[in-house]
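Notes follow once the structure below has been shown.
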Amino acid sequence: MAEYQVGLILVLLLILGAEFVNGWTDAPNAIATGVGTRSLSPKQAVAMAAVLNLAGVFSGTAVAATIGKGIIDPKAVDIVTVGGAMVGIIIWSTVAARWGIPTSESHALVAGLAGAGLATAGPDVLLWAGWKKVFLGLAFSTFLGFGGGLVAMTAIYRIFFKAVPGKVRGLFRWLQVCSSAFMAFSHGSNDGQKFMGAFTLALVLGGILPTFKIPVWVILLCGCVMALGTATGGWRIMKTLGMKVTKLETHQGFAAEMAAASTIELASRLGIPLSTTHTISTAIMGVGTVQRLSAVRWGVTLELISAWILTFPICAAISWTAVTLLRLFF
């Protein structure tokens, strides 16, 4: 019994570690464009993102329920499964962040759960209902992100085509502060919930909770840990999203953030776990293409897409290996 309790504590710490990494590596989603256009200083942007990420976590639990009950069958796994999934996330996201590559913690989480679940109970552990939402999230983040950025940017050009450039820049500098805040809140409402779901699943599997119902203290704990991770920044990733994909002006940053944040909020209300990294990246691409196709640095974009694709097999493989090794000790 004592050994099992130690194992549960270790798994809960791994989940919090993954949540910290989530805040650390995904902070640029909310602030990269604002910093890239100089609407916000890095310190201002990080502080705002940390606070609003935490606020977003309290906006619902639909995504958390999808992660905790819909990806793998809770009745077929144990705490070792959840711990192994967290190992995959932490290793892959940390390595990618050191290279300035914005990976998706959402993709890493579902891939990690899948790999760990397969190592525990085989293919039958995967639940199609939850995976349909994952695939829907891929469509949301790709097509709604890109399309939303394109539409928003086109609308801005048509509305302000006779405006004085200097006045427009001043207006959108302040508007982008608002859109960055919206982006930070939406990030918390989707990404913040995912690890709450994993944490609650571990509590149920560990016998601490009788049913899957997320306690307020879990929401607060996970939200604070993510906010702490956000406060550490993620400067290399921020540079990639805010400056390397395309050169952004304030009106373009506003358009990208509004498109991405609106998409993320819609997904959160529907319980769809989607990649906030993927969404803001495609929105930036959509904004850039309105100007001209060559405005987007497609070489950098290809690197981002490669990282998104690699996340699934790499995290699944690491998590599968981690569970196999953990079985030797627990």
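Every chain in the structure tokens takes a letter, A first, then B, and so on in the order presented; its residues are numbered from 1, and the ligands are numbered from 1 following the presented order.
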
Write out as a ChimeraX atom specification the residues lying within 7 Å of Met183 (chain A), counting only C-alpha atoms and excluding same-chain residues fewer than 3 positions away. /A:30,179-180,186-187,257,261

Could the residues in this selection be saved with N, CA and C atoms as a CSV table (one decimal), in the first residue's frame?
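Saved result, result_36.csv, follows:
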```
chain,number,residue,atom,x,y,z
A,30,ALA,N,0.2,33.1,-26.6
A,30,ALA,CA,-0.5,34.2,-26.2
A,30,ALA,C,0.2,35.5,-26.5
A,179,SER,N,-6.3,41.8,-27.7
A,179,SER,CA,-6.4,40.5,-28.4
A,179,SER,C,-5.4,39.5,-27.8
A,180,SER,N,-4.2,40.1,-27.3
A,180,SER,CA,-3.3,39.2,-26.6
A,180,SER,C,-3.9,38.7,-25.3
A,186,SER,N,-8.0,32.3,-23.6
A,186,SER,CA,-8.4,31.1,-24.4
A,186,SER,C,-7.5,30.0,-24.2
A,187,HIS,N,-6.2,30.3,-24.1
A,187,HIS,CA,-5.2,29.2,-23.9
A,187,HIS,C,-5.4,28.5,-22.6
A,257,GLU,N,-4.4,37.0,-33.6
A,257,GLU,CA,-4.8,36.6,-32.2
A,257,GLU,C,-6.3,36.5,-32.1
A,261,ALA,N,-7.8,33.0,-31.0
A,261,ALA,CA,-8.5,33.0,-29.7
A,261,ALA,C,-9.9,32.6,-29.9
```

What's the 7 Å shell around region 109-122 of chain A, counting only C-alpha atoms, without same-chain residues fewer than 6 positions away, as a ChimeraX atom specification? /A:71-72,76-77,81-82,84-86,88-89,312,315-317,319-320,323-324

Expected file contents, prior selection, N, CA and C atoms, as a compact mmCIF listing (two decimals), in the first residue's frame:
```
# COMPACT_ATOMS: atom_id res chain seq x y z
N ILE A 71 -10.16 9.69 -24.04
CA ILE A 71 -9.04 9.30 -24.90
C ILE A 71 -8.67 7.83 -24.72
N ILE A 72 -8.52 7.42 -23.48
CA ILE A 72 -8.27 6.01 -23.16
C ILE A 72 -9.28 5.56 -22.11
N ALA A 76 -9.35 0.47 -17.95
CA ALA A 76 -8.34 -0.46 -18.44
C ALA A 76 -6.91 -0.03 -18.12
N VAL A 77 -6.77 1.09 -17.42
CA VAL A 77 -5.41 1.61 -17.16
C VAL A 77 -5.22 1.84 -15.67
N THR A 81 0.17 4.13 -16.17
CA THR A 81 -0.17 4.57 -17.53
C THR A 81 -0.12 6.09 -17.63
N VAL A 82 -0.75 6.75 -16.67
CA VAL A 82 -0.78 8.22 -16.68
C VAL A 82 0.63 8.79 -16.48
N GLY A 84 3.50 7.40 -17.28
CA GLY A 84 4.29 7.19 -18.50
C GLY A 84 3.96 8.22 -19.56
N ALA A 85 2.68 8.59 -19.68
CA ALA A 85 2.27 9.61 -20.65
C ALA A 85 2.92 10.94 -20.33
N MET A 86 3.01 11.29 -19.06
CA MET A 86 3.62 12.57 -18.67
C MET A 86 5.12 12.60 -18.97
N GLY A 88 6.61 11.20 -21.49
CA GLY A 88 6.75 11.49 -22.92
C GLY A 88 6.59 12.96 -23.22
N ILE A 89 5.60 13.60 -22.59
CA ILE A 89 5.35 15.02 -22.81
C ILE A 89 6.53 15.87 -22.35
N PHE A 312 3.34 13.24 -32.52
CA PHE A 312 2.50 12.07 -32.26
C PHE A 312 3.32 10.78 -32.10
N CYS A 315 6.12 11.12 -28.99
CA CYS A 315 5.55 11.09 -27.64
C CYS A 315 4.92 9.74 -27.33
N ALA A 316 4.27 9.15 -28.32
CA ALA A 316 3.68 7.82 -28.11
C ALA A 316 4.77 6.80 -27.82
N ALA A 317 5.87 6.86 -28.56
CA ALA A 317 6.97 5.91 -28.38
C ALA A 317 7.65 6.09 -27.02
N SER A 319 6.36 7.42 -24.31
CA SER A 319 5.42 7.03 -23.26
C SER A 319 5.28 5.51 -23.18
N TRP A 320 5.24 4.85 -24.33
CA TRP A 320 5.16 3.39 -24.35
C TRP A 320 6.39 2.80 -23.65
N VAL A 323 6.27 3.45 -19.77
CA VAL A 323 5.37 2.53 -19.05
C VAL A 323 6.00 1.15 -18.93
N THR A 324 6.61 0.68 -20.01
CA THR A 324 7.26 -0.63 -19.99
C THR A 324 8.34 -0.69 -18.91
```

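For the pair CA of Ala18 (chain A) and CA of Ala184 (chain A), the interatomic distance is 18.5 Å.
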
Interatomic distance between CA of Ile219 (chain A) and CA of Lys194 (chain A)? 10.6 Å

Might you pull out every residue within 8 Å of Asp78 (chain A), with only C-alpha atoms counted and same-chain residues fewer than 4 positions away left off, and present them as a PyMOL selection string? chain A and resi 74+82+202+205-206

Requested write-out: C-alpha atoms of the selected residues, as an mmCIF file, in the first residue's frame:
```cif
data_model
loop_
_atom_site.group_PDB
_atom_site.id
_atom_site.type_symbol
_atom_site.label_atom_id
_atom_site.label_comp_id
_atom_site.auth_asym_id
_atom_site.auth_seq_id
_atom_site.Cartn_x
_atom_site.Cartn_y
_atom_site.Cartn_z
ATOM 1 C CA PRO A 74 -10.097 4.639 -17.482
ATOM 2 C CA VAL A 82 -0.775 8.221 -16.679
ATOM 3 C CA ALA A 202 -4.876 9.860 -11.616
ATOM 4 C CA LEU A 205 -7.244 5.559 -10.453
ATOM 5 C CA GLY A 206 -5.428 6.062 -7.151
#
```

Would you mind listing what lies within 6 Å of Thr279 (chain A) as a ChimeraX atom specification, with only C-alpha atoms counted and same-chain residues fewer than 5 positions away left out? /A:141,145,260

Calculated over only C-alpha atoms, which of the candidates A:Leu150, A:Ala255, A:Val63, A:Met285 has the smallest distance to Gly137 (chain A)?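 When distances to Gly137 (chain A) are compared using only C-alpha atoms, the smallest one comes from A:Val63.
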
Distance CA of His251 (chain A)-CA of Phe172 (chain A), one decimal place? 5.3 Å

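Using only C-alpha atoms, the nearest neighbour of Gly197 (chain A) within the list A:Ala64, A:Ile280, A:Ile305, A:Val51 is A:Ala64.
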
Please return, as a count of residues only, all residues of region 119-328 of chain A that DSSP assigns to helix (DSSP H, G or I) on the basis of the backbone. 173

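Here the question is which of A:Arg158, A:Arg169, A:His278, A:Arg327 gets nearest to Phe254 (chain A) using only C-alpha atoms, and that residue is A:Arg169.
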
Give me, as a PyMOL selection string, all polymer residues having an atom no more than 9 Å from Phe212 (chain A), counting only C-alpha atoms and skipping those fewer than 5 positions away in the same chain. chain A and resi 65+68-69+197+200-201+203-204

Nearest candidate to Met226 (chain A) (options A:Gly83, A:Gly253, A:Gly56, A:Gly286; using only C-alpha atoms):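 When distances to Met226 (chain A) are compared using only C-alpha atoms, the smallest one comes from A:Gly56.
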